[in-house]
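Peer 1: Here you go, my_file16.txt (compact mmCIF, C-alpha atoms):
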# COMPACT_ATOMS: atom_id res chain seq x y z
CA MET T 18 0.00 0.00 0.00
CA ALA T 19 1.50 3.26 -1.02
CA THR T 20 0.93 5.09 2.21
CA GLU T 21 4.02 7.25 1.94
CA THR T 22 3.45 10.85 1.09
CA HIS T 23 4.13 10.83 -2.56
CA ASP T 24 2.92 14.35 -3.02
CA ALA T 25 6.36 15.44 -4.10
CA ALA T 26 5.46 14.59 -7.66
CA GLY T 27 7.64 16.40 -10.11
CA SER T 28 10.28 16.95 -7.47
CA THR T 29 13.28 18.92 -8.57
CA SER T 30 15.73 16.41 -7.10
CA ALA T 31 17.46 13.88 -9.28
CA CYS T 32 17.19 11.33 -6.50
CA VAL T 33 13.39 11.10 -6.48
CA ASP T 34 11.31 9.58 -9.24
CA ALA T 35 8.13 11.04 -10.65
CA GLY T 36 6.03 9.16 -8.07
CA GLY T 37 8.04 10.60 -5.17
CA GLY T 38 9.84 7.32 -4.53
CA ALA T 39 13.54 7.13 -3.89
CA ILE T 40 15.86 6.34 -6.75
CA GLY T 41 18.67 4.18 -5.39
CA MET T 42 19.92 4.92 -1.91
CA PRO T 43 18.87 8.38 -0.68
CA GLN T 44 22.01 8.21 1.51
CA LEU T 45 24.13 8.59 -1.61
CA CYS T 46 22.21 11.48 -3.15
CA PRO T 47 24.68 14.36 -3.47
CA ASP T 48 21.88 16.95 -3.69
CA TRP T 49 21.00 16.55 -0.01
CA MET T 50 24.39 16.16 1.60
CA GLY T 51 25.16 19.85 1.93
CA ASN T 52 21.87 20.50 3.64
CA GLN T 53 22.37 17.62 6.08
CA ILE T 54 25.92 18.64 6.88
CA PHE T 55 24.89 22.25 7.44
CA TRP T 56 22.09 21.35 9.84
CA LEU T 57 24.24 18.74 11.56
CA VAL T 58 26.95 21.30 12.27
CA VAL T 59 24.35 23.76 13.57
CA THR T 60 22.86 21.04 15.78
CA LEU T 61 26.22 19.92 17.12
CA VAL T 62 27.26 23.48 17.93
CA VAL T 63 23.97 24.12 19.73
CA ILE T 64 24.15 20.86 21.69
CA PHE T 65 27.81 21.47 22.54
CA PHE T 66 27.12 24.92 23.92
CA ILE T 67 24.06 23.82 25.85
CA LEU T 68 26.01 20.94 27.37
CA SER T 69 29.27 22.71 28.13
CA ARG T 70 27.68 25.94 29.37
CA ILE T 71 24.60 24.71 31.25
CA ALA T 72 23.99 21.01 31.57
CA LEU T 73 27.38 19.51 32.36
CA PRO T 74 28.54 22.12 34.94
CA ARG T 75 25.17 21.83 36.63
CA ILE T 76 25.25 18.04 36.82
CA ALA T 77 28.87 18.14 37.94
CA ALA T 78 27.93 20.60 40.70
CA VAL T 79 25.01 18.45 41.81
CA LEU T 80 27.17 15.34 41.90
CA ALA T 81 29.96 17.14 43.76
CA GLU T 82 27.47 18.51 46.25
CA ARG T 83 26.00 15.05 46.77
CA GLN T 84 29.49 13.62 47.23
CA GLY T 85 30.19 16.35 49.79
CA THR T 86 26.97 15.63 51.63
CA ILE T 87 27.72 11.93 51.70
CA THR T 88 31.27 12.57 52.92
CA ASN T 89 30.00 14.90 55.63
CA ASP T 90 27.37 12.41 56.71
CA LEU T 91 29.94 9.65 56.85
CA ALA T 92 32.28 11.85 58.90
CA ALA T 93 29.42 12.72 61.25
CA ALA T 94 28.56 9.05 61.56
CA GLU T 95 32.20 8.28 62.35
CA ASP T 96 32.17 11.03 65.00
CA LEU T 97 29.02 9.67 66.55
CA LYS T 98 30.49 6.18 66.55
CA VAL T 99 33.59 7.42 68.38
CA LYS T 100 31.37 9.24 70.84
CA ALA T 101 29.30 6.14 71.41
CA GLN T 102 32.46 4.15 72.01
CA GLU T 103 33.67 6.76 74.48
CA ALA T 104 30.34 6.69 76.26
CA GLU T 105 30.51 2.91 76.42
CA GLU T 106 34.02 3.06 77.85
CA ALA T 107 32.94 5.62 80.43
CA TYR T 108 29.99 3.43 81.34
CA GLU T 109 32.21 0.38 81.68
CA LYS T 110 34.63 2.35 83.83
CA ALA T 111 31.85 3.66 86.03
CA LEU T 112 30.54 0.12 86.37
CA ALA T 113 33.97 -1.22 87.34
CA ASP T 114 34.47 1.65 89.79
CA ALA T 115 31.14 1.03 91.38
CA ARG T 116 31.89 -2.65 91.65
CA SER T 117 35.30 -2.10 93.30
CA LYS T 118 33.79 0.48 95.61
CA ALA T 119 31.06 -1.92 96.60
CA ASN T 120 33.69 -4.58 97.32
CA GLU T 121 35.61 -2.07 99.40
CA ILE T 122 32.51 -1.16 101.37
CA ILE T 123 31.73 -4.81 101.95
CA ALA T 124 35.29 -5.49 103.15
CA GLU T 125 35.18 -2.46 105.39
CA ALA T 126 31.87 -3.49 106.87
CA LYS T 127 33.19 -6.98 107.42
CA ALA T 128 36.28 -5.65 109.17
CA GLU T 129 34.21 -3.33 111.29
CA ILE T 130 31.88 -6.09 112.27
CA LYS T 131 34.82 -8.33 113.12
CA ALA T 132 36.46 -5.61 115.21
CA GLU T 133 33.22 -5.04 117.06
CA GLN T 134 32.80 -8.72 117.64
CA ASP T 135 36.38 -9.03 118.87
CA GLU T 136 35.92 -6.13 121.22
CA ALA T 137 32.69 -7.50 122.52
CA ALA T 138 34.31 -10.89 123.04
CA LYS T 139 37.23 -9.28 124.87
CA LYS T 140 34.90 -7.28 127.03
CA ALA T 141 32.90 -10.35 127.82
CA ASP T 142 36.08 -12.26 128.67
CA ALA T 143 37.22 -9.44 130.94
CA GLN T 144 33.85 -9.33 132.65
CA ILE T 145 33.86 -13.06 133.05
CA ALA T 146 37.36 -12.91 134.53
CA GLU T 147 36.38 -10.12 136.86
CA LYS T 148 33.29 -11.97 137.99
CA ALA T 149 35.35 -15.09 138.56
CA ALA T 150 37.88 -13.14 140.61
CA GLU T 151 35.12 -11.57 142.62
CA SER T 152 33.51 -14.91 143.25
CA GLU T 153 36.84 -16.37 144.32
CA LYS T 154 37.36 -13.49 146.72
CA ALA T 155 33.88 -13.91 148.12
CA ILE T 156 34.51 -17.60 148.52
CA ALA T 157 37.80 -16.87 150.32
CA GLU T 158 36.09 -14.39 152.55
CA ILE T 159 33.36 -16.82 153.27
CA ARG T 160 35.95 -19.44 154.00
CA ALA T 161 37.84 -17.05 156.33
CA SER T 162 34.72 -15.96 158.11
CA ALA T 163 33.70 -19.59 158.43
CA LEU T 164 37.10 -20.35 160.08
CA GLU T 165 36.62 -17.43 162.44
CA ASN T 166 33.17 -18.64 163.28
CA VAL T 167 34.55 -22.08 163.95
CA GLU T 168 37.02 -20.50 166.44
CA THR T 169 34.28 -18.51 168.11
CA VAL T 170 32.00 -21.54 168.22
CA ALA T 171 34.86 -23.66 169.58
CA LYS T 172 35.65 -21.13 172.31
CA ASP T 173 32.00 -20.73 173.18
CA THR T 174 31.49 -24.49 173.18
CA ALA T 175 34.62 -24.97 175.28
CA LYS T 176 33.38 -22.35 177.81
CA GLU T 177 29.97 -23.95 177.93
CA LEU T 178 31.58 -27.37 178.34
CA VAL T 179 33.79 -26.05 181.14
CA ALA T 180 30.78 -24.38 182.73
CA ALA T 181 28.70 -27.53 182.40
CA MET T 182 31.44 -29.47 184.22
CA GLY T 183 30.83 -27.04 187.01
CA GLN T 184 33.89 -25.09 186.97
CA LYS T 185 34.36 -21.39 186.59
CA ALA T 186 35.55 -20.75 183.17
CA ASP T 187 38.67 -18.67 182.79
CA THR T 188 37.89 -17.03 179.51
CA ALA T 189 41.45 -16.05 178.68
CA ALA T 190 42.86 -19.50 179.39
CA ILE T 191 40.18 -21.17 177.34
CA ASP T 192 40.73 -18.84 174.43
CA LYS T 193 44.41 -19.51 174.53
CA ALA T 194 43.91 -23.25 174.70
CA VAL T 195 41.39 -23.23 171.80
CA ALA T 196 43.68 -21.05 169.72
CA ALA T 197 46.58 -23.39 170.44
CA ARG T 198 44.45 -26.41 169.44
CA LEU T 199 43.25 -24.76 166.26
CA LYS T 200 46.75 -23.87 165.34
CA GLY T 201 47.88 -27.39 165.87
CA MET X 5 14.07 1.48 -4.98
CA ALA X 6 10.41 0.91 -5.62
CA THR X 7 9.94 -2.76 -6.37
CA ASP X 8 6.31 -3.52 -6.92
CA ALA X 9 5.20 -7.12 -6.73
CA LYS X 10 2.13 -8.02 -8.73
CA GLU X 11 -0.26 -10.31 -6.86
CA GLY X 12 -3.70 -11.08 -8.23
CA GLY X 13 -4.39 -7.73 -9.82
CA GLN X 14 -3.57 -5.74 -6.69
CA GLU X 15 -0.02 -5.16 -5.68
CA LEU X 16 2.22 -5.07 -2.65
CA VAL X 17 4.23 -1.86 -2.62
CA PHE X 18 7.81 -1.94 -1.45
CA HIS X 19 9.32 1.45 -0.72
CA PRO X 20 11.86 0.59 1.98
CA MET X 21 14.16 3.47 1.09
CA ASP X 22 11.57 6.23 0.80
CA GLN X 23 11.85 6.88 4.54
CA PHE X 24 15.36 8.21 3.98
CA ILE X 25 14.35 10.87 1.44
CA VAL X 26 15.29 14.39 2.46
CA LYS X 27 12.52 16.85 1.64
CA PRO X 28 11.73 20.43 2.46
CA LEU X 29 9.56 20.82 5.51
CA PHE X 30 7.54 23.59 3.89
CA GLY X 31 6.59 23.43 0.21
CA ASP X 32 8.06 21.32 -2.54
CA GLY X 33 11.03 23.36 -3.63
CA PRO X 34 14.56 22.09 -4.14
CA VAL X 35 16.72 21.21 -1.16
CA GLY X 36 19.31 23.94 -0.88
CA LEU X 37 22.08 24.27 1.68
CA PHE X 38 19.98 26.23 4.18
CA THR X 39 16.53 24.82 3.35
CA VAL X 40 14.55 23.80 6.40
CA THR X 41 14.03 20.10 5.77
CA ASN X 42 12.85 17.03 7.63
CA VAL X 43 16.52 16.70 8.65
CA THR X 44 16.24 20.08 10.37
CA PHE X 45 12.99 19.06 12.05
CA TRP X 46 14.34 15.85 13.55
CA MET X 47 17.62 17.44 14.57
CA VAL X 48 15.71 20.19 16.35
CA LEU X 49 13.67 17.51 18.09
CA THR X 50 16.94 15.86 19.12
CA VAL X 51 18.17 19.13 20.59
CA LEU X 52 14.88 19.62 22.41
CA ALA X 53 15.01 16.11 23.82
CA ILE X 54 18.56 16.66 25.04
CA VAL X 55 17.58 19.99 26.59
CA GLY X 56 14.58 18.31 28.21
CA LEU X 57 16.70 15.60 29.77
CA LEU X 58 19.93 17.36 30.66
CA VAL X 59 18.76 20.92 31.31
CA LEU X 60 15.10 20.84 32.35
CA GLY X 61 15.51 17.44 33.98
CA THR X 62 18.26 18.72 36.25
CA SER X 63 16.74 22.12 36.96
CA GLY X 64 15.82 20.96 40.47
CA ARG X 65 19.53 20.43 41.31
CA ALA X 66 18.25 18.08 43.96
CA THR X 67 20.65 16.25 46.23
CA ILE X 68 18.14 13.41 46.14
CA PRO X 69 17.30 13.31 42.42
CA ASN X 70 13.95 12.64 40.80
CA ARG X 71 13.69 10.17 37.93
CA THR X 72 14.63 12.52 35.09
CA GLN X 73 17.57 13.92 37.00
CA SER X 74 18.68 10.39 37.82
CA VAL X 75 18.70 9.48 34.14
CA ALA X 76 20.60 12.66 33.29
CA GLU X 77 23.16 11.92 36.01
CA LEU X 78 23.38 8.33 34.82
CA ALA X 79 24.15 9.47 31.26
CA TYR X 80 26.70 11.96 32.58
CA GLY X 81 28.40 9.40 34.79
CA PHE X 82 28.30 6.75 32.08
CA ILE X 83 30.10 8.85 29.46
CA ARG X 84 32.44 10.52 31.92
CA LYS X 85 33.55 7.18 33.30
CA MET X 86 33.96 5.86 29.78
CA VAL X 87 36.19 8.79 28.82
CA GLU X 88 38.20 8.44 32.02
CA ASP X 89 38.57 4.65 31.83
CA VAL X 90 39.27 4.34 28.11
CA ALA X 91 41.13 7.54 27.23
CA GLY X 92 42.57 8.45 30.62
CA LYS X 93 42.23 11.38 33.00
CA ASP X 94 43.94 13.81 30.62
CA ALA X 95 41.09 13.22 28.15
CA LEU X 96 38.54 14.82 30.48
CA PRO X 97 38.85 18.28 28.82
CA TYR X 98 37.32 16.66 25.71
CA PHE X 99 34.48 15.13 27.70
CA PRO X 100 31.88 17.80 26.74
CA TYR X 101 32.35 17.10 23.03
CA ILE X 102 32.21 13.32 23.51
CA MET X 103 29.07 13.80 25.58
CA THR X 104 27.66 15.92 22.74
CA LEU X 105 28.37 13.14 20.28
CA PHE X 106 26.80 10.47 22.45
CA MET X 107 23.68 12.45 23.29
CA PHE X 108 23.15 13.46 19.66
CA ILE X 109 23.54 9.91 18.34
CA VAL X 110 21.52 8.19 21.03
CA PHE X 111 18.62 10.62 20.77
CA SER X 112 18.70 10.65 16.96
CA ASN X 113 18.64 6.86 16.94
CA PHE X 114 15.75 6.59 19.36
CA LEU X 115 13.72 9.42 17.82
CA GLY X 116 14.24 7.66 14.49
CA LEU X 117 12.46 4.63 15.92
CA ILE X 118 9.21 6.56 16.23
CA PRO X 119 7.01 5.24 13.40
CA GLY X 120 7.09 7.67 10.50
CA ALA X 121 10.20 9.40 11.81
CA PHE X 122 13.25 10.40 9.81
CA THR X 123 16.49 8.95 11.15
CA THR X 124 19.22 11.53 10.72
CA THR X 125 21.94 9.09 11.79
CA SER X 126 21.01 6.68 8.98
CA HIS X 127 22.62 9.08 6.49
CA ILE X 128 26.24 8.62 5.64
CA ALA X 129 26.59 12.37 5.17
CA VAL X 130 25.75 12.89 8.85
CA THR X 131 27.82 10.07 10.29
CA ALA X 132 30.74 10.86 7.98
CA VAL X 133 30.86 14.39 9.35
CA LEU X 134 30.72 13.05 12.89
CA ALA X 135 33.51 10.57 12.17
CA MET X 136 35.64 13.07 10.26
CA LEU X 137 35.36 15.59 13.09
CA VAL X 138 36.65 12.94 15.46
CA PHE X 139 39.38 11.84 13.03
CA VAL X 140 40.64 15.36 12.36
CA ALA X 141 40.40 16.39 16.00
CA VAL X 142 42.25 13.28 17.18
CA THR X 143 45.00 13.73 14.58
CA VAL X 144 45.43 17.40 15.44
CA ILE X 145 45.49 16.67 19.16
CA GLY X 146 48.07 13.94 18.61
CA PHE X 147 50.44 16.18 16.68
CA VAL X 148 49.94 19.17 18.98
CA LYS X 149 50.62 17.11 22.11
CA HIS X 150 53.45 14.94 20.83
CA GLY X 151 54.73 16.57 17.63
CA ALA X 152 56.48 14.02 15.45
CA GLY X 153 56.33 11.61 18.36
CA PHE X 154 52.72 10.98 17.41
CA LEU X 155 54.05 8.99 14.45
CA GLY X 156 55.28 6.46 17.02
CA LEU X 157 51.69 5.25 16.94
CA PHE X 158 52.53 3.58 13.62
CA TRP X 159 55.90 2.19 14.72
CA VAL X 160 55.23 -0.97 16.73
CA GLY X 161 58.18 -1.10 19.11
CA ALA X 162 57.21 -4.50 20.47
CA ALA X 163 57.50 -6.22 17.09
CA PRO X 164 60.74 -7.64 15.64
CA LEU X 165 62.68 -5.00 13.69
CA PRO X 166 62.20 -6.47 10.17
CA LEU X 167 58.43 -6.60 10.72
CA ARG X 168 58.12 -3.00 11.83
CA PRO X 169 58.00 -1.32 8.40
CA ILE X 170 55.33 -3.75 7.23
CA LEU X 171 53.35 -3.21 10.41
CA ALA X 172 53.77 0.54 9.99
CA VAL X 173 52.12 0.35 6.55
CA ILE X 174 49.26 -1.69 7.98
CA GLU X 175 48.91 0.71 10.91
CA VAL X 176 48.79 3.73 8.61
CA ILE X 177 46.16 2.13 6.41
CA SER X 178 44.07 1.12 9.42
CA TYR X 179 44.41 4.62 10.82
CA PHE X 180 42.98 6.17 7.67
CA VAL X 181 40.25 3.54 7.40
CA ARG X 182 39.05 4.46 10.89
CA PRO X 183 36.71 7.32 9.90
CA VAL X 184 35.23 5.17 7.14
CA SER X 185 34.37 2.25 9.39
CA HIS X 186 33.45 4.62 12.18
CA SER X 187 30.81 6.35 10.06
CA ILE X 188 29.54 3.46 7.91
CA ARG X 189 29.04 1.26 10.99
CA LEU X 190 26.55 3.69 12.46
CA ALA X 191 24.77 4.71 9.26
CA GLY X 192 24.67 1.14 7.96
CA ASN X 193 23.18 -0.24 11.17
CA MET X 194 20.49 2.41 11.32
CA MET X 195 19.63 2.18 7.63
CA ALA X 196 19.52 -1.62 7.53
CA GLY X 197 17.24 -2.01 10.53
CA HIS X 198 14.80 0.61 9.34
CA ALA X 199 14.76 -0.78 5.80
CA VAL X 200 14.09 -4.31 7.05
CA ILE X 201 11.20 -3.09 9.18
CA LYS X 202 9.82 -1.34 6.12
CA VAL X 203 10.12 -4.50 4.01
CA PHE X 204 8.22 -6.53 6.57
CA ALA X 205 5.69 -3.72 6.82
CA ALA X 206 5.12 -4.04 3.07
CA PHE X 207 4.29 -7.74 3.50
CA ALA X 208 1.86 -7.08 6.31
CA PRO X 209 -1.20 -6.09 4.16
CA LEU X 210 -0.94 -9.31 2.11
CA VAL X 211 -4.07 -10.69 3.78
CA LEU X 212 -6.10 -7.92 2.10
CA ILE X 213 -4.91 -9.04 -1.33
CA SER X 214 -4.65 -12.80 -1.07
CA THR X 215 -6.54 -14.20 1.90
CA GLY X 216 -5.08 -17.71 1.73
CA ILE X 217 -1.39 -17.05 1.95
CA GLY X 218 -2.01 -13.75 3.70
CA LEU X 219 -3.39 -15.46 6.79
CA VAL X 220 0.07 -16.91 7.31
CA VAL X 221 2.26 -14.09 6.06
CA THR X 222 0.51 -11.15 7.69
CA PRO X 223 0.80 -12.34 11.33
CA LEU X 224 4.34 -13.47 10.67
CA SER X 225 5.38 -10.13 9.25
CA ILE X 226 3.74 -8.24 12.11
CA LEU X 227 5.59 -10.49 14.54
CA ALA X 228 8.80 -9.85 12.63
CA ILE X 229 8.25 -6.09 12.73
CA THR X 230 7.82 -6.29 16.51
CA ALA X 231 10.90 -8.44 16.96
CA ILE X 232 13.09 -6.29 14.73
CA TYR X 233 11.77 -3.16 16.43
CA ALA X 234 12.94 -4.58 19.77
CA LEU X 235 16.29 -5.43 18.22
CA GLU X 236 16.52 -1.93 16.78
CA MET X 237 16.02 -0.42 20.24
CA LEU X 238 19.06 -2.39 21.34
CA VAL X 239 20.99 -1.42 18.22
CA ALA X 240 20.07 2.25 18.67
CA PHE X 241 21.78 2.30 22.04
CA ILE X 242 24.64 -0.02 21.19
CA GLN X 243 25.62 1.93 18.08
CA ALA X 244 25.68 5.18 20.02
CA TYR X 245 27.78 3.43 22.67
CA VAL X 246 30.14 1.94 20.09
CA PHE X 247 30.59 5.24 18.29
CA THR X 248 31.38 6.98 21.58
CA ILE X 249 33.75 4.35 22.94
CA LEU X 250 35.63 4.23 19.61
CA THR X 251 35.99 7.99 19.84
CA CYS X 252 37.51 7.48 23.28
CA VAL X 253 39.86 4.78 21.97
CA TYR X 254 41.04 7.06 19.14
CA LEU X 255 41.49 9.88 21.62
CA LYS X 256 43.57 7.60 23.81
CA ASP X 257 45.85 6.90 20.81
CA ALA X 258 46.29 10.63 20.33
CA LEU X 259 47.07 11.28 23.99
CA HIS X 260 49.25 8.21 24.57
CA PRO X 261 50.61 7.20 21.15
CA ALA X 262 53.19 4.76 22.51
CA HIS X 263 52.24 1.14 21.93
Transcribe the structure of this file into structure tokens.

Peer 2:
Amino acid sequence: MATETHDAAGSTSACVDAGGGAIGMPQLCPDWMGNQIFWLVVTLVVIFFILSRIALPRIAAVLAERQGTITNDLAAAEDLKVKAQEAEEAYEKALADARSKANEIIAEAKAEIKAEQDEAAKKADAQIAEKAAESEKAIAEIRASALENVETVAKDTAKELVAAMGQKADTAAIDKAVAARLKG
Amino acid sequence: MATDAKEGGQELVFHPMDQFIVKPLFGDGPVGLFTVTNVTFWMVLTVLAIVGLLVLGTSGRATIPNRTQSVAELAYGFIRKMVEDVAGKDALPYFPYIMTLFMFIVFSNFLGLIPGAFTTTSHIAVTAVLAMLVFVAVTVIGFVKHGAGFLGLFWVGAAPLPLRPILAVIEVISYFVRPVSHSIRLAGNMMAGHAVIKVFAAFAPLVLISTGIGLVVTPLSILAITAIYALEMLVAFIQAYVFTILTCVYLKDALHPAH
């Protein structure tokens, strides 16, 4: 179907037939080459100036800016990482400090308690010793007083015995005799 | 190249090359040097597309880019990295021109894929100018930077001494063939793909003429058009890429001529 626009009937070009169809390869038609070359050069110059004056510097700037932003962000991230590490170290240190301090406090408390206990034990020992000494003294006293009483009782008994035998008791002689007996 | 095939009174019309005809945009006059033609129209569209992507698309200058700006940055990074990797850091001053080449070719190729479009890069006149600009620029840069030392490019120091003159001849020939292959590769690829699509398109209405065979041929040709269109999308990008990377390779030879 001849759908091409063949309205160029009677074209002035040697490369087109009367029906507007191409004769041979249109690529090789010398009539058109000058026109194509002219417009190509115009187009290339226009594109070159648009690219080198507007488009390429702009894209380069955008890319550089993006690279800068990325670099900055990475640096900031690195900073934050270092900070986080520092914070972690500080936390660890604080934790270790607290732990050692707690151990110290525990040891101190233990020592204190032990000292208190020792003191209390010593005090108790001293008290016990004191009480024992006191008791011993009391016992000695009691023993001494008991001995005295025995002497008194012996003298009294001797007097009563002498009296009961019906004789007049010479108190001094009796005492002397009792004392001599007790001594023996 | 209008080859008409007769088929049962009606005819299939093959005009695969008509899409490459250059014609004035207004009126039917002759095509002079400054005539506004369909070439002009599609080149202006190319410029507008490039402005839309690289200028309007990046007007936000956003640190977090939107889609258009992302694509623009992607294209920028893609070509810049290519220049830096292939031609070296000292080639970066030429980056704007290489970017110009790439953007022009890639947008011309893709705009040419719009049905009914005119593909400016399918014309040898266009690609030859592109290739010659690169060839001349590279040669001039080579001689300006290295003087006669640039001729060391043709003197293969690694080869045995008796072989060197022979290799030098081959190197010189290959050097001067560069712009030819550089330009014909692009124009040939674009022209061939578009012409093939057009040929298949001419087969597509066969069902209207001959129902029997048309029932088979018409779906097949439509399928083929679709497949080749997909292939052409790939080719459109790859050819722009190839043209650009070859430019970088040639530039590398000019900047570092030693083998």

Peer 1: Please check the contacts: residues of chain T at most 7 Å away from chain X, using all atoms listed in the file, listed as a PyMOL selection string.

Peer 2: chain T and resi 18-19+25+28-30+38-44+49-57+60+64-65+68-69+71-72+76+79+83

Peer 1: Counting all atoms listed in the file, figure out which residue out of X:Tyr245, X:Tyr254, X:Phe111, X:Phe204 gets nearest to X:Gly92.

Peer 2: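 Among the listed residues, the smallest separation from X:Gly92 belongs to X:Tyr254.
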
Peer 1: What's the 10 Å shell around X:Val211, counting only C-alpha atoms, without same-chain residues fewer than 6 positions away, as a ChimeraX atom specification?

Peer 2: /X:217-223

Peer 1: What is the atom CA of X:Gly153-atom CA of X:Ile83 distance in Å, reported with one decimal?

Peer 2: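 Atom CA of X:Gly153 sits 28.6 Å away from atom CA of X:Ile83.
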
Peer 1: By how many Å are atom CA of T:Ala175 and atom CA of T:Ala194 apart?

Peer 2: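 One can read the atom CA of T:Ala175 to atom CA of T:Ala194 distance as 9.5 Å.
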
Peer 1: Between atom CA of X:Leu171 and atom CA of X:Leu137, measure the distance and give it in Å to one decimal.

Peer 2: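 One can read the atom CA of X:Leu171 to atom CA of X:Leu137 distance as 26.2 Å.
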
Peer 1: For X:Ser112, which of X:Val181, X:Phe241, X:Ser225, X:Gly161 is the closest residue, counting only C-alpha atoms?

Peer 2: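 Closest candidate: X:Phe241.
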